Amino acid sequence: MVAIDPAHLVGTGGALGALARYYVGQAVDHESFPVGTLTVNVVGSFVLGLVTFLSPGKSVALLVGVGACGSFTTFSSFSFDTVRLWEEGRPAVAVGNAALNLGGALAAIGLAWVVASV
Amino acid sequence: MSKAHPLVTLETIVLVGIGGFAGSNLRYFVGQFVPGLQGTLLVNALGSFALGFLLYEAIHVGIIGSETKMVATTGFLSSFTTYSTFAVETIQQTPALAVANVVGSYALGFAGVLVARALVRRFDSQSRRRDA
């Protein structure tokens with residue numbers, strides 16, 4: 001197989017991950033709660049967990065792990081959403097959002113570990 | 001999903017795709033120099049600051065165009081930062097370091113957004129004074 005430049009693998013995965021995140025946001029996002037960001041962060045963590053535990057080749061790790069999962073999930077939108085919820089006078093929802101992203105992502109990685117061990 | 005004009009859909013795909021290509025590559029590049037937890041912490045803090053700046057700019061000032069915002073926020077910055085790598089790296093640490101990574105990442109992410117908000121508000125009041 002022709003060796004592909006790591007930057008091209010990461011970039012291609014990153015472009016696809018960003019587009020997938022955009023369309024998930026369009027489909028599920030809600031005005032009162034950032035469901036889109038929560039969804040991509042949990043689902044993307046599950047897939048990155050699979051990539052990590054199954055340890056496929058370097059190219060797959062770069063394309064799917066670093067590129068697609070890295071871009072599909074987002075920390076910046078999560079930070080902004082959480083601060084905005086707090087500003088809107090909904091501190092409990094802001095804390096809930098922070099906890100759900102973390103708990104959801106960690107649980108998803110745990111699930112990926114179970115799936116990868118089967 | 002609203003039915004947009006096919007060219008608008010195409011424009012969105014191009015903007016988000018190019019931003020995602022560049023953002024993920026810059027994250028990978030930073031990781032070559034600052035590998036592991038610290039690199040992820042760095043991109044997440046910087047990206048949260050920059051995203052906060054652009055989104056508060058849109059709320060308070062509104063000079064930057066919507067297409068620029070699309071490529072920079074949804075494309076570039078959201079791809080530059082990552083939650084999945086943060087979560088997987090957290091699980092791979094000792095319990096004490098895992099807690100420190102979560103607290104540190106969250107604190108720097110929120111602080112980045114708040115610093116950006118303060119900066120935008122300063123720009124906003126300056127431009128108002130100039131207009132007055």
# chains A, B, ... in the order shown; residues from 1 in each chain; ligands from 1
call {"tool": "closest_atom_pairs", "arguments": {"of": "chain B", "to": "chain A", "cutoff": "8 Å", "atoms": "only C-alpha atoms", "output": "Markdown table"}}
result
| residue | atom | partner | partner_atom | distance |
| --- | --- | --- | --- | --- |
| B:Met1 | CA | A:Ala27 | CA | 6.2 |
| B:Ile13 | CA | A:Leu19 | CA | 6.8 |
| B:Val16 | CA | A:Leu19 | CA | 6.1 |
| B:Gly17 | CA | A:Ala15 | CA | 4.3 |
| B:Ile18 | CA | A:Ala15 | CA | 6.4 |
| B:Gly19 | CA | A:Ala15 | CA | 7.2 |
| B:Gly20 | CA | A:Ala15 | CA | 4.3 |
| B:Phe21 | CA | A:Gly11 | CA | 4.0 |
| B:Ala22 | CA | A:Gly11 | CA | 6.5 |
| B:Gly23 | CA | A:Gly14 | CA | 7.5 |
| B:Ser24 | CA | A:Gly14 | CA | 5.2 |
| B:Asn25 | CA | A:Gly11 | CA | 5.6 |
| B:Tyr28 | CA | A:Val66 | CA | 7.3 |
| B:Asn44 | CA | A:Phe75 | CA | 5.9 |
| B:Ala45 | CA | A:Ser76 | CA | 7.8 |
| B:Gly47 | CA | A:Ser76 | CA | 5.6 |
| B:Ser48 | CA | A:Ser76 | CA | 4.1 |
| B:Phe49 | CA | A:Ser76 | CA | 7.7 |
| B:Leu51 | CA | A:Ser76 | CA | 6.3 |
| B:Gly52 | CA | A:Phe80 | CA | 6.1 |
| B:Thr74 | CA | A:Tyr22 | CA | 7.0 |
| B:Gly75 | CA | A:Ala18 | CA | 6.0 |
| B:Leu77 | CA | A:Ser76 | CA | 7.1 |
| B:Ser78 | CA | A:Thr74 | CA | 5.1 |
| B:Ser79 | CA | A:Ser71 | CA | 3.8 |
| B:Phe80 | CA | A:Ser71 | CA | 6.8 |
| B:Thr81 | CA | A:Phe75 | CA | 5.3 |
| B:Thr82 | CA | A:Thr74 | CA | 4.4 |
| B:Tyr83 | CA | A:Phe75 | CA | 5.0 |
| B:Ser84 | CA | A:Ser45 | CA | 4.3 |
| B:Thr85 | CA | A:Gly70 | CA | 6.5 |
| B:Ala87 | CA | A:Leu106 | CA | 6.3 |
| B:Val88 | CA | A:Gly49 | CA | 6.6 |
| B:Ile91 | CA | A:Leu106 | CA | 7.4 |
| B:Tyr106 | CA | A:Ser79 | CA | 7.5 |
| B:Gly109 | CA | A:Ser79 | CA | 5.5 |
| B:Phe110 | CA | A:Ser79 | CA | 5.5 |
| B:Val113 | CA | A:Phe80 | CA | 6.1 |
| B:Leu114 | CA | A:Val83 | CA | 7.8 |
call {"tool": "write_last_selection", "arguments": {"atoms": "N, CA and C atoms", "output": "compact mmCIF listing (two decimals), in the first residue's frame"}}
result
# COMPACT_ATOMS: atom_id res chain seq x y z
N MET B 1 -34.70 19.02 9.72
CA MET B 1 -33.69 19.80 9.00
C MET B 1 -34.36 20.67 7.94
N ILE B 13 -20.93 22.57 3.43
CA ILE B 13 -20.07 21.39 3.42
C ILE B 13 -18.61 21.79 3.18
N VAL B 16 -17.30 23.88 6.44
CA VAL B 16 -17.10 23.04 7.62
C VAL B 16 -16.00 22.01 7.36
N GLY B 17 -15.98 21.46 6.14
CA GLY B 17 -14.97 20.45 5.79
C GLY B 17 -13.56 21.02 5.81
N ILE B 18 -13.38 22.18 5.19
CA ILE B 18 -12.05 22.80 5.16
C ILE B 18 -11.60 23.18 6.57
N GLY B 19 -12.52 23.75 7.33
CA GLY B 19 -12.20 24.11 8.72
C GLY B 19 -11.82 22.87 9.52
N GLY B 20 -12.56 21.79 9.33
CA GLY B 20 -12.28 20.54 10.05
C GLY B 20 -10.94 19.95 9.66
N PHE B 21 -10.61 20.02 8.37
CA PHE B 21 -9.32 19.51 7.89
C PHE B 21 -8.18 20.27 8.57
N ALA B 22 -8.28 21.60 8.56
CA ALA B 22 -7.22 22.44 9.12
C ALA B 22 -7.15 22.33 10.64
N GLY B 23 -8.32 22.35 11.31
CA GLY B 23 -8.35 22.31 12.77
C GLY B 23 -7.78 21.02 13.32
N SER B 24 -8.15 19.88 12.72
CA SER B 24 -7.64 18.60 13.21
C SER B 24 -6.14 18.49 12.95
N ASN B 25 -5.69 19.04 11.83
CA ASN B 25 -4.25 19.01 11.54
C ASN B 25 -3.44 19.85 12.51
N TYR B 28 -3.17 17.92 15.67
CA TYR B 28 -2.17 16.85 15.50
C TYR B 28 -0.75 17.43 15.58
N ASN B 44 -7.43 22.46 24.03
CA ASN B 44 -8.77 22.69 24.54
C ASN B 44 -8.91 24.06 25.19
N ALA B 45 -7.88 24.50 25.91
CA ALA B 45 -7.93 25.82 26.54
C ALA B 45 -7.87 26.93 25.49
N GLY B 47 -8.55 26.69 22.23
CA GLY B 47 -9.73 26.62 21.37
C GLY B 47 -10.97 27.17 22.07
N SER B 48 -11.11 26.92 23.37
CA SER B 48 -12.27 27.44 24.10
C SER B 48 -12.22 28.96 24.16
N PHE B 49 -11.01 29.50 24.35
CA PHE B 49 -10.84 30.96 24.36
C PHE B 49 -11.23 31.54 23.00
N LEU B 51 -13.02 30.22 20.53
CA LEU B 51 -14.44 30.03 20.21
C LEU B 51 -15.29 31.02 21.01
N GLY B 52 -14.95 31.18 22.29
CA GLY B 52 -15.67 32.15 23.12
C GLY B 52 -15.59 33.54 22.52
N THR B 74 -17.56 26.20 13.73
CA THR B 74 -18.04 24.82 13.51
C THR B 74 -16.96 23.98 12.83
N GLY B 75 -16.23 24.59 11.88
CA GLY B 75 -15.18 23.85 11.20
C GLY B 75 -13.91 23.77 12.01
N LEU B 77 -12.35 25.51 14.93
CA LEU B 77 -12.11 25.44 16.38
C LEU B 77 -12.74 24.21 17.03
N SER B 78 -13.94 23.84 16.59
CA SER B 78 -14.57 22.65 17.18
C SER B 78 -13.78 21.39 16.84
N SER B 79 -13.05 21.41 15.71
CA SER B 79 -12.20 20.27 15.35
C SER B 79 -10.83 20.34 16.00
N PHE B 80 -10.37 21.56 16.24
CA PHE B 80 -9.08 21.78 16.90
C PHE B 80 -9.16 21.24 18.34
N THR B 81 -10.27 21.51 19.02
CA THR B 81 -10.46 20.98 20.37
C THR B 81 -11.10 19.61 20.28
N THR B 82 -10.95 18.83 21.35
CA THR B 82 -11.48 17.47 21.31
C THR B 82 -11.90 17.01 22.71
N TYR B 83 -13.05 16.37 22.78
CA TYR B 83 -13.51 15.83 24.05
C TYR B 83 -13.14 14.35 24.17
N SER B 84 -13.17 13.63 23.05
CA SER B 84 -12.93 12.18 23.09
C SER B 84 -11.51 11.86 23.54
N THR B 85 -10.53 12.58 23.02
CA THR B 85 -9.14 12.34 23.42
C THR B 85 -8.95 12.69 24.89
N ALA B 87 -11.23 12.49 27.19
CA ALA B 87 -11.87 11.45 28.00
C ALA B 87 -11.03 10.17 28.04
N VAL B 88 -10.51 9.75 26.88
CA VAL B 88 -9.71 8.52 26.83
C VAL B 88 -8.40 8.70 27.62
N ILE B 91 -9.04 8.43 31.40
CA ILE B 91 -9.23 7.05 31.89
C ILE B 91 -7.89 6.32 32.03
N TYR B 106 -11.48 21.40 32.64
CA TYR B 106 -12.73 22.15 32.77
C TYR B 106 -12.44 23.60 33.17
N GLY B 109 -10.89 25.51 30.27
CA GLY B 109 -11.89 25.70 29.21
C GLY B 109 -12.87 26.81 29.56
N PHE B 110 -13.41 26.77 30.78
CA PHE B 110 -14.37 27.81 31.20
C PHE B 110 -13.66 29.15 31.32
N VAL B 113 -13.25 30.82 27.98
CA VAL B 113 -14.48 31.45 27.50
C VAL B 113 -14.73 32.77 28.23
N LEU B 114 -14.49 32.79 29.55
CA LEU B 114 -14.76 33.99 30.34
C LEU B 114 -13.78 35.12 30.01
call {"tool": "select_by_dssp", "arguments": {"residues": "chain B", "states": "alpha helix (DSSP H)", "output": "compact mmCIF listing (two decimals) with C-alpha atoms, in the first residue's frame"}}
result
# COMPACT_ATOMS: atom_id res chain seq x y z
CA PRO B 6 -28.41 23.17 -2.82
CA LEU B 7 -25.66 25.80 -3.21
CA VAL B 8 -26.04 26.85 0.43
CA THR B 9 -25.75 23.19 1.43
CA LEU B 10 -22.64 22.86 -0.72
CA GLU B 11 -21.15 26.04 0.74
CA THR B 12 -21.73 24.71 4.27
CA ILE B 13 -20.07 21.39 3.42
CA VAL B 14 -17.04 23.16 1.93
CA LEU B 15 -16.66 25.61 4.84
CA VAL B 16 -17.10 23.04 7.62
CA GLY B 17 -14.97 20.45 5.79
CA ILE B 18 -12.05 22.80 5.16
CA GLY B 19 -12.20 24.11 8.72
CA GLY B 20 -12.28 20.54 10.05
CA PHE B 21 -9.32 19.51 7.89
CA ALA B 22 -7.22 22.44 9.12
CA GLY B 23 -8.35 22.31 12.77
CA SER B 24 -7.64 18.60 13.21
CA ASN B 25 -4.25 19.01 11.54
CA LEU B 26 -3.24 21.86 13.83
CA ARG B 27 -4.29 19.74 16.83
CA TYR B 28 -2.17 16.85 15.50
CA PHE B 29 0.74 19.26 14.91
CA VAL B 30 0.55 20.65 18.47
CA GLY B 31 0.50 17.03 19.72
CA GLN B 32 3.85 16.37 17.99
CA PHE B 33 5.48 19.05 20.16
CA GLY B 36 -0.30 13.48 25.70
CA LEU B 37 -2.41 15.19 28.35
CA GLN B 38 -0.64 18.54 28.21
CA GLY B 39 -1.12 18.91 24.46
CA THR B 40 -4.83 18.10 24.74
CA LEU B 41 -5.16 20.54 27.63
CA LEU B 42 -3.41 23.22 25.58
CA VAL B 43 -5.59 22.88 22.45
CA ASN B 44 -8.77 22.69 24.54
CA ALA B 45 -7.93 25.82 26.54
CA LEU B 46 -6.80 27.82 23.48
CA GLY B 47 -9.73 26.62 21.37
CA SER B 48 -12.27 27.44 24.10
CA PHE B 49 -10.84 30.96 24.36
CA ALA B 50 -10.94 31.51 20.59
CA LEU B 51 -14.44 30.03 20.21
CA GLY B 52 -15.67 32.15 23.12
CA PHE B 53 -14.21 35.22 21.46
CA LEU B 54 -15.93 34.57 18.11
CA LEU B 55 -19.30 33.63 19.59
CA TYR B 56 -19.41 36.57 22.04
CA GLU B 57 -18.31 38.80 19.19
CA ALA B 58 -21.37 37.59 17.29
CA ILE B 59 -23.62 38.40 20.28
CA HIS B 60 -22.20 41.81 21.26
CA SER B 66 -21.61 34.35 9.21
CA GLU B 67 -19.59 32.36 6.63
CA THR B 68 -16.35 33.28 8.39
CA LYS B 69 -17.93 32.21 11.65
CA SER B 78 -14.57 22.65 17.18
CA SER B 79 -12.20 20.27 15.35
CA PHE B 80 -9.08 21.78 16.90
CA SER B 84 -12.93 12.18 23.09
CA THR B 85 -9.14 12.34 23.42
CA PHE B 86 -9.54 14.21 26.72
CA ALA B 87 -11.87 11.45 28.00
CA VAL B 88 -9.71 8.52 26.83
CA GLU B 89 -6.52 10.11 28.24
CA THR B 90 -8.31 10.74 31.55
CA ILE B 91 -9.23 7.05 31.89
CA PRO B 95 -7.11 8.24 39.84
CA ALA B 96 -5.41 11.34 41.30
CA LEU B 97 -4.06 12.47 37.93
CA ALA B 98 -7.41 11.71 36.26
CA VAL B 99 -9.24 13.99 38.69
CA ALA B 100 -6.58 16.68 38.23
CA ASN B 101 -6.92 16.43 34.44
CA VAL B 102 -10.71 16.81 34.56
CA VAL B 103 -10.58 19.73 37.01
CA GLY B 104 -7.74 21.41 35.11
CA SER B 105 -9.30 20.95 31.67
CA TYR B 106 -12.73 22.15 32.77
CA ALA B 107 -11.27 25.12 34.67
CA LEU B 108 -9.08 26.24 31.75
CA GLY B 109 -11.89 25.70 29.21
CA PHE B 110 -14.37 27.81 31.20
CA ALA B 111 -11.70 30.40 32.04
CA GLY B 112 -10.84 30.68 28.35
CA VAL B 113 -14.48 31.45 27.50
CA LEU B 114 -14.76 33.99 30.34
CA VAL B 115 -11.51 35.79 29.39
CA ALA B 116 -12.78 35.95 25.79
CA ARG B 117 -16.09 37.41 27.01
CA ALA B 118 -14.27 40.12 28.99
CA LEU B 119 -12.14 40.95 25.95
CA VAL B 120 -15.17 41.21 23.61
CA ARG B 121 -17.00 43.44 26.10
CA ARG B 122 -13.98 45.74 26.18
CA PHE B 123 -13.93 45.95 22.36
CA ASP B 124 -17.66 46.56 22.38
CA SER B 125 -17.52 49.45 24.85
CA GLN B 126 -14.58 50.97 22.96
CA SER B 127 -16.43 50.90 19.65
CA ARG B 128 -19.52 52.39 21.30
CA ARG B 129 -17.43 55.23 22.71
CA ARG B 130 -15.96 55.86 19.27
CA ASP B 131 -19.42 55.92 17.72
call {"tool": "atom_distance", "arguments": {"atom1": "CA of Gly96 in chain A", "atom2": "CA of Trp113 in chain A"}}
result
25.2 Å
call {"tool": "atom_distance", "arguments": {"atom1": "CA of Phe53 in chain A", "atom2": "CA of Pro35 in chain B"}}
result
19.3 Å
